[in-house]
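S.K.: Starting off with a structure, shown below.
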Amino acid sequence: MEKTPILQAENLTKEYLMGEITVKALRGVSFTLYENEFVVILGPSGSGKSTMLNIVGGIDRPTSGSILFRGRDIAQANERALTNYRRDAVGFVFQFYNLIPNLTARENILLASELSPHPISPDSLLASIGLSERGGHFPSQLSGGEQQRVAIARAVSKNPPILLCDEPTGALDYQTGIQVLQILREYHISHHRTVVIITHNAAIGAMADRVFHIRDGLIETITHNEAPVAPEEVSW
Amino acid sequence: MLMRKAKRAMLMNKKAYLSCIFLIAVGILMQTALSIAVAGLEGSTLGFYRTNRLADTYAAVESMPAGYVDALRNIEGIAEAQVRYVAQLQAEVPGSAETITLRLVATDPEEPNPLNTLSVTGNANPGLQEMLVNPAFLTAHGLQQGDVISIFSQGKEYEFLLTGTAISPEYIYITRDATQILPDEAGFGIGYITTGSMELLTGRQDTANSILFQREAGVSFDDVKLALEDALRRFGLMELYDQEDLLSYFYLDMEISSIHAMATAVPMVFLILAAVVLYLMLKRVIEQERTQIGTLKAFGYSNRQLIGHYLTYGAVTGMAGGALGWILGYWASGVYLDLFLQFFMLPKLSSGFDLFGMLRSLAMAVGSGLLGAYMGARKIIRLQPAEAMRPESPKAVRFDIVKRAGVLGRLLTSRGRMSVRGIARNPVRSLFVVLSIMFSFGIISFVGSFDGLIDKMIFGQLEDIQRYQVKLTLAQPLEYRTLVEAAYSLDSVTYAEGLLEIPMELSHRHLKEGAVVTGVEADSLLYQVVDTNTGQVFPPPEDSVILSNGLAEQLRVQAGDWVTLSSPLLPEDVSVPVSRVIEQNLGGGCYLQLSFLSGLMQQPKTATSLLLNTDHLGALKESVKHSSMIITVEDKESTLKGYRAMMGMFSSLYTALQGLGTLVAFAIIYNTTTISLSERKREYATLRVLGLAVNEVSEIMSFEYSILTCFGILLGIPFTQALNGAINLLVDTSLFSMPSTLSPEAYLSGIVCCVAAMFLASRSARKKIRAFDMVEVLKERE
């Protein structure tokens with residue numbers, strides 16, 4: 001079946017100045033993300049995977065190269081266009097959840113869904129992550145796993161075409177991590193959305209359609225999984 | 001090494017520390033400027049009183065043989081007595097068409113040990129038809145030594161040569177009477193002449209009408225009062241009063257007391273504000289640096305060393321603010337002293353460098369900085385190294401303000417809820433912002449009300465109460481009907497009424513107060529008994545008195561109580577009921593019907609002055625200029641013009657004070673938003689990642705601070721009224737009280753300035769949010 005590209009990155013580079021030293025985080029990365037695929041970006045710490053995700057997410061700009069979302073170059077976009085891109089095109093899940101502490105779980109989800117013209121109902125999302133009864137609780141009253149589930153619900157409530165997850169299981173124990181992966185997989189399947197996970201945990205690669213292996217700011221290999229496994233079959 | 005760390009940390013947050021320095025500097029500036037200026041004023045005044053031997057007791061009689069002074073000196077408790085003749089006469093100066101009144105004081109140049117001696121510039125011994133005047137009068141008319149002043153007395157014009165200027169300790173603050181709050185430098189002056197010149201003007205020889213006394217040490221006014229009344233009654237005693245009731249002494253004393261109180265209270269408020277801001281800042285610094293603190297503790301640094309390190313933040317801020325405030329305050333004290341010299345006639349008014357004062361100011365500033373820093377940093381003591389190296393666990397939300405708000409809470413968007421919960425998240429900080437805005441609003445509104453207050457006090461007095469165009473003060477009381485008929489014989493007079501004003505002592509239980517009792521015609525059109533707060537007009541009562549609030553408070557009387565009137569002009573003391581107490585801000589008002597007052601004096605209907613409306617002011621002035629029966633001509637329009645010119649001087653001072661209030665509000669909102677931003681930058685960066693625009697994110701904080709500003713303003717309204725009440729208590733006397741209500745314009749100025757401060761601080765916060773590097777912020781772990 002013909003796959004439709006949703007995002008195309010061409011020769012992306014990113015350089016940082018750390019004091020007087022220039023750090024090359026990305027050294028010319030090219031890749032394409034397609035509609036309705038599950039991608040895992042694997043790499044050790046400092047390999048450039050977070051930088052790549054930040055650029056894809058529109059929260060950082062490349063030093064050079066282009067990044068086309070449905071044909072529009074977001075690398076050259078102005079501040080307003082980039083904000084609209086983040087608002088409409090991507091959902092972000094952080095390693096440390098980053099929930100707003102003075103909003104309840106339901107309100108955290110509502111905060112994002114208020115931005116979208118086609119949101120997913122916060123109550124249905126709370127039900128889908130098994131937290132219907134905990135919607136009125138503040139983040140400080142929730143466990144780490146519960147907080148990450150709320151964070152995912154918040155990200156998907158905007159119904160974005162691309163869901164970007166930065167080490168979503170990094171701060172969680174194994175069981176909770178599996179639960180979180182199940183929710184991500186469920187969203188991918190039920191809503192036919194593109195999900196990108198970056199992680200240093202190679203085991204998670206088994207559930208992806210494609211796995212990008214990244215090292216020293218370059219994509220070393222891209223592997224295709226003909227038969228991705230279910231999250232509950234992943235172990236580490 | 002820790003000092004280096006402190007220096008870098010302060011430089012990194014220099015704007016926040018600079019605003020603390022600003023608050024401390026403002027407090028110390030006010031404290032230094034006011035303290036130095038008032039010390040200068042008080043010291044110069046007391047020195048002048050001492051060197052020029054200010055008399056402590058004063059009496060006025062109709063006429064007394066000058067030689068009787070020897071008998072007065074023998075009264076028990078009296079150390080010194082001197083007689084003189086004082087006459088208030090019309091005058092003309094070259095180049096001015098205005099009506100001028102000069103109070104001429106004639107003293108005997110041969111007096112061996114004179115009281116109320118003069119500090120003279122020019123010829124200290126004027127001869128016959130020579131005169132010294134007070135310097136402000138000279139300046140107001142652009143006169144010079146050698147100019148000629150015309151004096152009108154008994155229908156004749158006398159030319160007096162101006163030989164110099166003189167300042168008397170009796171006339172440091174010069175007003176015509178108790179209803180005048182500000183000097184009328186051009187319209188009213190003091191002239192000093194010899195006894196011989198006065199004899200020429202009045203035709204009276206060896207006669208006195210004013211007596212000065214110096215009591216023996218330890219003898220009070222009450223100790224000698226009865227004996228003096230007995231001795232002077234036969235000469236038509238009109239007034240007998242203590243130094244404290246001398247108008248100049250009274251106003252100076254009031255000014256010095258109120259500045260002393262302000263120099264203590266106002267700076268303390270600023271220092272407390274600065275201490276709280278420092279507390280909030282250091283508290284935040286400790287939260288941010290808890291890992292560093294844990295590491296340093298693990299290395300072996302003691303609590304004392306670490307607390308000492310953070311105290312340096314407060315000490316440096318306090319020292320910088322104190323030094324800056326002191327330098328500016330020292331400079332500003334000169335401005336204050338110059339301003340005092342505009343109002344108070346003193347031969348010299350200066351104040352020197354006061355090392356102790358400077359050290360005290362610096363100690364106060366450093367103390368405020370250290371207190372704030374210690375309160376913020378004391379948490380260090382309880383922090384264990386292992387605990388400190390872990391991130392602080394998130395604070396549980398114990399009180400959900402949105403839930404408590406019910407329907408209103410449900411109406412809020414998610415961002416609205418963030419704003420509202422942001423208030424409850426840091427209740428101490430929120431309360432501080434509310435109180436600071438309340439304080440700033442109070443200052444701005446109160447200062448903004450000054451123009452209105454002065455308008456209400458002076459112009460209310462001159463326009464609502466004194467509705468005449470011209471007031472002629474008579475040389476002696478005259479029968480009413482004859483007087484008014486005589487007035488109508490002048491072509492230019494369109495309406496005439498008489499007024500009877502008698503200085504009396506009012507007493508209630510043990511309390512006594514001097515006041516001018518005013519007899520007003522029952523259907524008077526030119527003088528109305530008005531409550532200046534409500535604007536209501538009351539007819540003068542025919543069998544009771546109406547008192548002004550100032551006088552009633554001094555005597556502690558209410559409507560229904562009785563007061564006793566005493567005066568040498570009354571055959572005996574009389575008690576009269578008080579029918580009403582009304583608000584009036586100037587003069588010790590005591591009103592009754594003119595015929596009732598004449599009756600109390602057992603006189604036919606009498607008047608001491610004539611109130612007139614005219615269709616030709618110039619012609620009227622010309623026709624009464626040479627009258628021997630008229631001692632002063634008060635042209636109200638000229639008086640108002642003089643006041644308006646004088647009030648213009650204060651406008652820039654009020655604007656500066658309002659600007660200062662706005663800066664205080666801005667500095668506090670700016671600092672607290674900076675602290676809030678540092679706490680919430682991760683949240684705000686997350687919102688930006690979720691797709692919220694900079695404006696949408698900054699609206700969360702703006703809405704939060706708008707709510708706090710609204711509460712601050714709402715609390716500011718009663719606070720301003722309380723401030724007005726407190727200042728009222730400070731300056732309230734029987735002669736003077738501040739209006740009890742402030743104008744809506746004053747409150748509007750407070751609202752505009754506070755909202756502007758909030759808007760500017762929000763704009764600055766928005767710039768910071770725009771400058772957030774989302775990636776960097778999200779990478780940081782608290």
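By convention in this document, the chains of the structure tokens carry letters A, B, ... by their order, each chain's residues are numbered from 1, and ligands are numbered from 1 in the order they are shown.
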Pull out every residue of chain A sitting within 10 Å of chain B, counting only C-alpha atoms, and send them as number ranges by chain.
M.R.: A: 50-51, 54-55, 57-60, 79-80, 82-94, 96-104, 106-116, 137-141, 154-155, 158
S.K.: Using only C-alpha atoms, determine which residues lie at most 10 Å from Ala140 in chain B, disregarding the query and same-chain residues fewer than 2 positions distant; provide the list as a CSV table (one decimal) with C-alpha atoms, in the first residue's frame.
M.R.:
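Result file follows (around-v5.csv):
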chain,number,residue,atom,x,y,z
B,135,PRO,CA,10.9,90.2,53.8
B,136,ALA,CA,8.1,88.3,52.0
B,137,PHE,CA,6.1,91.5,51.7
B,138,LEU,CA,9.1,93.3,50.3
B,142,GLY,CA,9.5,94.1,44.4
B,143,LEU,CA,10.2,96.9,47.0
B,184,ASP,CA,-1.0,86.1,51.5
B,185,GLU,CA,2.4,87.7,51.0
B,186,ALA,CA,1.3,90.6,48.8
B,187,GLY,CA,-2.0,91.3,50.5
B,189,GLY,CA,2.3,92.2,55.8
S.K.: Could you name the residues that touch Met601 in chain B at 7 Å or less, counting only C-alpha atoms, but leaving out those on the same chain fewer than 6 positions away, as number ranges by chain?
M.R.: B: 569-571
S.K.: Report, in Å to a single decimal, how far apart CA of Met364 in chain B and CA of Gly352 in chain B are.
M.R.: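 We find that CA of Gly352 in chain B and CA of Met364 in chain B lie 20.6 Å from each other.
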S.K.: Any idea what's packed within 8 Å of range 68-79 of chain B, counting only C-alpha atoms, ignoring anything in its chain fewer than 6 positions away? Could you give it as a list in words?
M.R.: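 My reading of the contact set: Phe213, Gln214, Arg215, Glu216, Val219, Asp223, Val224, Ala227, Leu228 and Ala231 of chain B.
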S.K.: Rank nothing, just name the residue among B:Ala9, B:Leu748, B:Met629, B:Leu337 nearest to Ile286 in chain B, using only C-alpha atoms.
M.R.: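 Checking each of B:Ala9, B:Leu748, B:Met629, B:Leu337 against Ile286 in chain B, counting only C-alpha atoms, the winner is B:Ala9.
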S.K.: Extract, using only C-alpha atoms, all DNA, RNA and protein residues at most 7 Å from range 190-206 of chain A, discarding same-chain residues fewer than 5 positions from it, and format them as a PyMOL selection string.
M.R.: chain A and resi 35-44+49+161-167+211+228-229+234-236
S.K.: Determine which residues of range 537-653 of chain B receive a DSSP assignment of helix (DSSP H, G or I), computed from the backbone, and state them as a PyMOL selection string.
M.R.: chain B and resi 549-555+594-600+617-624+636-653
S.K.: Using CA of Gln205 in chain B and CA of Phe188 in chain B as the two end points, give the distance in Å to one decimal.
M.R.: 26.2 Å
S.K.: Quick one: everything within 6 Å of Arg210 in chain A, counting only C-alpha atoms, minus sequence neighbours fewer than 4 positions away in the same chain. Send it as a count of residues only.
M.R.: 4
S.K.: Which residues, written as a PyMOL selection string, have at least one atom at most 10 Å from Arg234 in chain B, with only C-alpha atoms counted and residues fewer than 2 positions away on the same chain left out?
M.R.: chain B and resi 61-64+229-232+236-237+568
S.K.: Kindly give the distance, in Å, that separates CA of Leu371 in chain B and CA of Val316 in chain B, rounded to a single decimal.
M.R.: 12.4 Å
